[in-house]
Amino acid sequence: MAQAATGRSHRVRHSPELDLLPVMNLFCVIIPFLLLSASFLDITIIEMSPTEGISTGAGTTSLAQSEEQQLQPKIILTNEEMFLGTVFGTRSISRVFLEDRNGEMVNRYDYDALSEALGDFREELDEAFPSIPVHKITILTVDDVRYDNIVKTIDVCADHDFNQPGLQVAAYSVLQRQLAAGTTGVLP
Amino acid sequence: MSAPTKRHLPLTLGYKKNKASIRGKDKKVTLNLTSMIDMFTILVVFLLKSYNAEGQIVTLSDALTLPESRSDHKIELNLEIIVTNEAIIVDGEPIVFVDESVLSEGNPIPVLVERLSDHLEYTRLMRGTIDETEMKVNIQGDVATRAILLQRVMSSCAQAGYATQNLTVIKVEGGDDEL
């Protein structure tokens, strides 16, 4: 091979280049496939627990179940106020205020206050009745409470391990009468 | 032998170079794909995260907006009931059109109970037996649905023999500011 007088080779040394075209081809196949299989909306469920007025057909009631039923709290949603009815008594949580939701004025409940009240109740319950696991909770509403408010209430309950919610609906007049008499189905 | 004319030269550069290539005006153009590969890699990672091997089990109706929840129970394939303030739809078939009379009472809705009982009986006949998994319904309710309507649907389900009622919701991640 001919060499220069200096003895150095004049062959040009190229840096090795990766051939990225097969990788591109692979990506072009994978991306449409993944786009078709991707789900951008995660749909889940809330499992509702049967409550009074919603029969399950099951007739077995053990002592522990009845104790749990006695201890289970109720959240009462009216159009003016939200209450928490527990074995220790029924008390008001917060007033209801209006908010603009998609151009419509709807009721908004104070879920922070509810969370705080449920947290306190959970602590009291664990101290007073440590052997009885209470996971059921009843949402008692007047007939025109919106569904999204019920779901948000259920979420707050689940944060405090009340993860077996049930739904009860009462007429406004009946609920007011029961609240005034302190007989919302929860022991005072 | 005469030299080949310019017209007969091959397009790819051979060992013999024409005058243009000698002057450096006929360089082979290559695309720099590195940045595109980077972008595709990010895209593939994002799509892999959203990848769902099970596919979409439920079909969401355009007529309703599902509420958002932090619940993470996976949805199962059950009988679907769609509840809006206009109608109650079972398995794609409108059963009850909602009016004031429907919203004024709190009992199970007879027409709905009958339809659900028929469906349960049909399932029993087809499979020979029925277990707890068939006695579940998924209720898709619009955010503006009134509680009385939801409760009537749920009590209708219970009366027809569907002991477990699931509320279908859209999952949101942890920190919802409204809660």
# chains A, B, ... in the order shown; residues from 1 in each chain; ligands from 1

call {"tool": "closest_atom_pairs", "arguments": {"of": "chain B", "to": "chain A", "cutoff": "7 Å", "atoms": "only C-alpha atoms", "output": "JSON lines"}}
result
{"residue": "B:Leu33", "atom": "CA", "partner": "A:Leu20", "partner_atom": "CA", "distance": 6.8}
{"residue": "B:Ile37", "atom": "CA", "partner": "A:Met24", "partner_atom": "CA", "distance": 6.9}
{"residue": "B:Phe40", "atom": "CA", "partner": "A:Phe27", "partner_atom": "CA", "distance": 6.8}
{"residue": "B:Val44", "atom": "CA", "partner": "A:Ile31", "partner_atom": "CA", "distance": 6.3}
{"residue": "B:Leu47", "atom": "CA", "partner": "A:Leu34", "partner_atom": "CA", "distance": 5.8}
{"residue": "B:Leu48", "atom": "CA", "partner": "A:Leu34", "partner_atom": "CA", "distance": 6.8}
{"residue": "B:Ser50", "atom": "CA", "partner": "A:Ala38", "partner_atom": "CA", "distance": 5.0}
{"residue": "B:Tyr51", "atom": "CA", "partner": "A:Ala38", "partner_atom": "CA", "distance": 4.3}
{"residue": "B:Asn52", "atom": "CA", "partner": "A:Ala38", "partner_atom": "CA", "distance": 5.7}
{"residue": "B:Gly55", "atom": "CA", "partner": "A:Ser37", "partner_atom": "CA", "distance": 6.7}
{"residue": "B:Pro67", "atom": "CA", "partner": "A:Asp148", "partner_atom": "CA", "distance": 5.3}
{"residue": "B:Ser69", "atom": "CA", "partner": "A:Asp155", "partner_atom": "CA", "distance": 6.4}
{"residue": "B:Arg70", "atom": "CA", "partner": "A:Asp155", "partner_atom": "CA", "distance": 6.4}
{"residue": "B:Ser71", "atom": "CA", "partner": "A:Ile46", "partner_atom": "CA", "distance": 6.3}
{"residue": "B:Asp72", "atom": "CA", "partner": "A:Thr44", "partner_atom": "CA", "distance": 5.9}
{"residue": "B:His73", "atom": "CA", "partner": "A:Ile45", "partner_atom": "CA", "distance": 5.5}
{"residue": "B:Lys74", "atom": "CA", "partner": "A:Thr44", "partner_atom": "CA", "distance": 5.1}
{"residue": "B:Ile75", "atom": "CA", "partner": "A:Thr44", "partner_atom": "CA", "distance": 5.1}
{"residue": "B:Val143", "atom": "CA", "partner": "A:Asp148", "partner_atom": "CA", "distance": 4.9}
{"residue": "B:Ala144", "atom": "CA", "partner": "A:Arg146", "partner_atom": "CA", "distance": 5.3}
{"residue": "B:Thr145", "atom": "CA", "partner": "A:Tyr147", "partner_atom": "CA", "distance": 5.3}
{"residue": "B:Arg146", "atom": "CA", "partner": "A:Asp144", "partner_atom": "CA", "distance": 4.9}
{"residue": "B:Ala147", "atom": "CA", "partner": "A:Asp143", "partner_atom": "CA", "distance": 5.3}
{"residue": "B:Ile148", "atom": "CA", "partner": "A:Asp143", "partner_atom": "CA", "distance": 4.6}
{"residue": "B:Gln151", "atom": "CA", "partner": "A:Val169", "partner_atom": "CA", "distance": 6.6}
{"residue": "B:Ser155", "atom": "CA", "partner": "A:Ile54", "partner_atom": "CA", "distance": 5.1}
{"residue": "B:Ala158", "atom": "CA", "partner": "A:Ser55", "partner_atom": "CA", "distance": 5.9}
{"residue": "B:Gln159", "atom": "CA", "partner": "A:Ser55", "partner_atom": "CA", "distance": 6.7}
{"residue": "B:Ala163", "atom": "CA", "partner": "A:Thr56", "partner_atom": "CA", "distance": 5.4}
{"residue": "B:Thr164", "atom": "CA", "partner": "A:Met48", "partner_atom": "CA", "distance": 6.9}
{"residue": "B:Gln165", "atom": "CA", "partner": "A:Met48", "partner_atom": "CA", "distance": 5.7}
{"residue": "B:Asn166", "atom": "CA", "partner": "A:Glu47", "partner_atom": "CA", "distance": 4.6}
{"residue": "B:Leu167", "atom": "CA", "partner": "A:Ile46", "partner_atom": "CA", "distance": 5.0}
{"residue": "B:Thr168", "atom": "CA", "partner": "A:Ile45", "partner_atom": "CA", "distance": 4.5}
{"residue": "B:Val169", "atom": "CA", "partner": "A:Thr44", "partner_atom": "CA", "distance": 5.5}
{"residue": "B:Ile170", "atom": "CA", "partner": "A:Ile43", "partner_atom": "CA", "distance": 4.6}
{"residue": "B:Lys171", "atom": "CA", "partner": "A:Asp42", "partner_atom": "CA", "distance": 5.4}
{"residue": "B:Leu179", "atom": "CA", "partner": "A:Tyr111", "partner_atom": "CA", "distance": 5.6}

call {"tool": "residues_around", "arguments": {"residues": "Gly141 of chain B", "least_positions_apart": "6", "cutoff": "7 Å", "atoms": "only C-alpha atoms", "output": "list in words"}}
result
Leu66, Ile82, Val83 and Thr84 of chain B

call {"tool": "select_by_dssp", "arguments": {"residues": "segment 9-171 of chain A", "states": "alpha helix (DSSP H)", "output": "ChimeraX atom specification"}}
result
/A:21-37,63-71,111-128,147-159

call {"tool": "atom_distance", "arguments": {"atom1": "atom CA of Pro130 of chain A", "atom2": "atom CA of Gln70 of chain A"}}
result
14.6 Å

call {"tool": "residues_around", "arguments": {"residues": "Phe162 of chain A", "least_positions_apart": "3", "cutoff": "6 Å", "atoms": "only C-alpha atoms", "output": "JSON, numbers by chain"}}
result
{"A": [135, 136, 137, 157, 158]}

call {"tool": "write_last_selection", "arguments": {"atoms": "C-alpha atoms", "output": "mmCIF file, in the first residue's frame"}}
result
data_model
loop_
_atom_site.group_PDB
_atom_site.id
_atom_site.type_symbol
_atom_site.label_atom_id
_atom_site.label_comp_id
_atom_site.auth_asym_id
_atom_site.auth_seq_id
_atom_site.Cartn_x
_atom_site.Cartn_y
_atom_site.Cartn_z
ATOM 1 C CA HIS A 135 -66.708 -0.123 58.602
ATOM 2 C CA LYS A 136 -70.290 0.526 57.603
ATOM 3 C CA ILE A 137 -71.656 4.006 57.269
ATOM 4 C CA CYS A 157 -65.800 8.252 54.618
ATOM 5 C CA ALA A 158 -63.449 5.775 52.924
#

call {"tool": "closest_residue", "arguments": {"among": "A:Gly85, A:Asn79, A:Ser131, A:Glu68", "to": "Phe97 of chain A", "atoms": "only C-alpha atoms"}}
result
A:Asn79

call {"tool": "atom_distance", "arguments": {"atom1": "atom CA of Glu80 of chain B", "atom2": "atom CA of Thr65 of chain B"}}
result
15.2 Å

call {"tool": "atom_distance", "arguments": {"atom1": "atom CA of Leu71 of chain A", "atom2": "atom CA of Arg95 of chain A"}}
result
24.9 Å

call {"tool": "residues_around", "arguments": {"residues": "Leu116 of chain B", "least_positions_apart": "4", "cutoff": "8 Å", "atoms": "only C-alpha atoms", "output": "VMD selection string"}}
result
chain B and resid 112 120 157 160
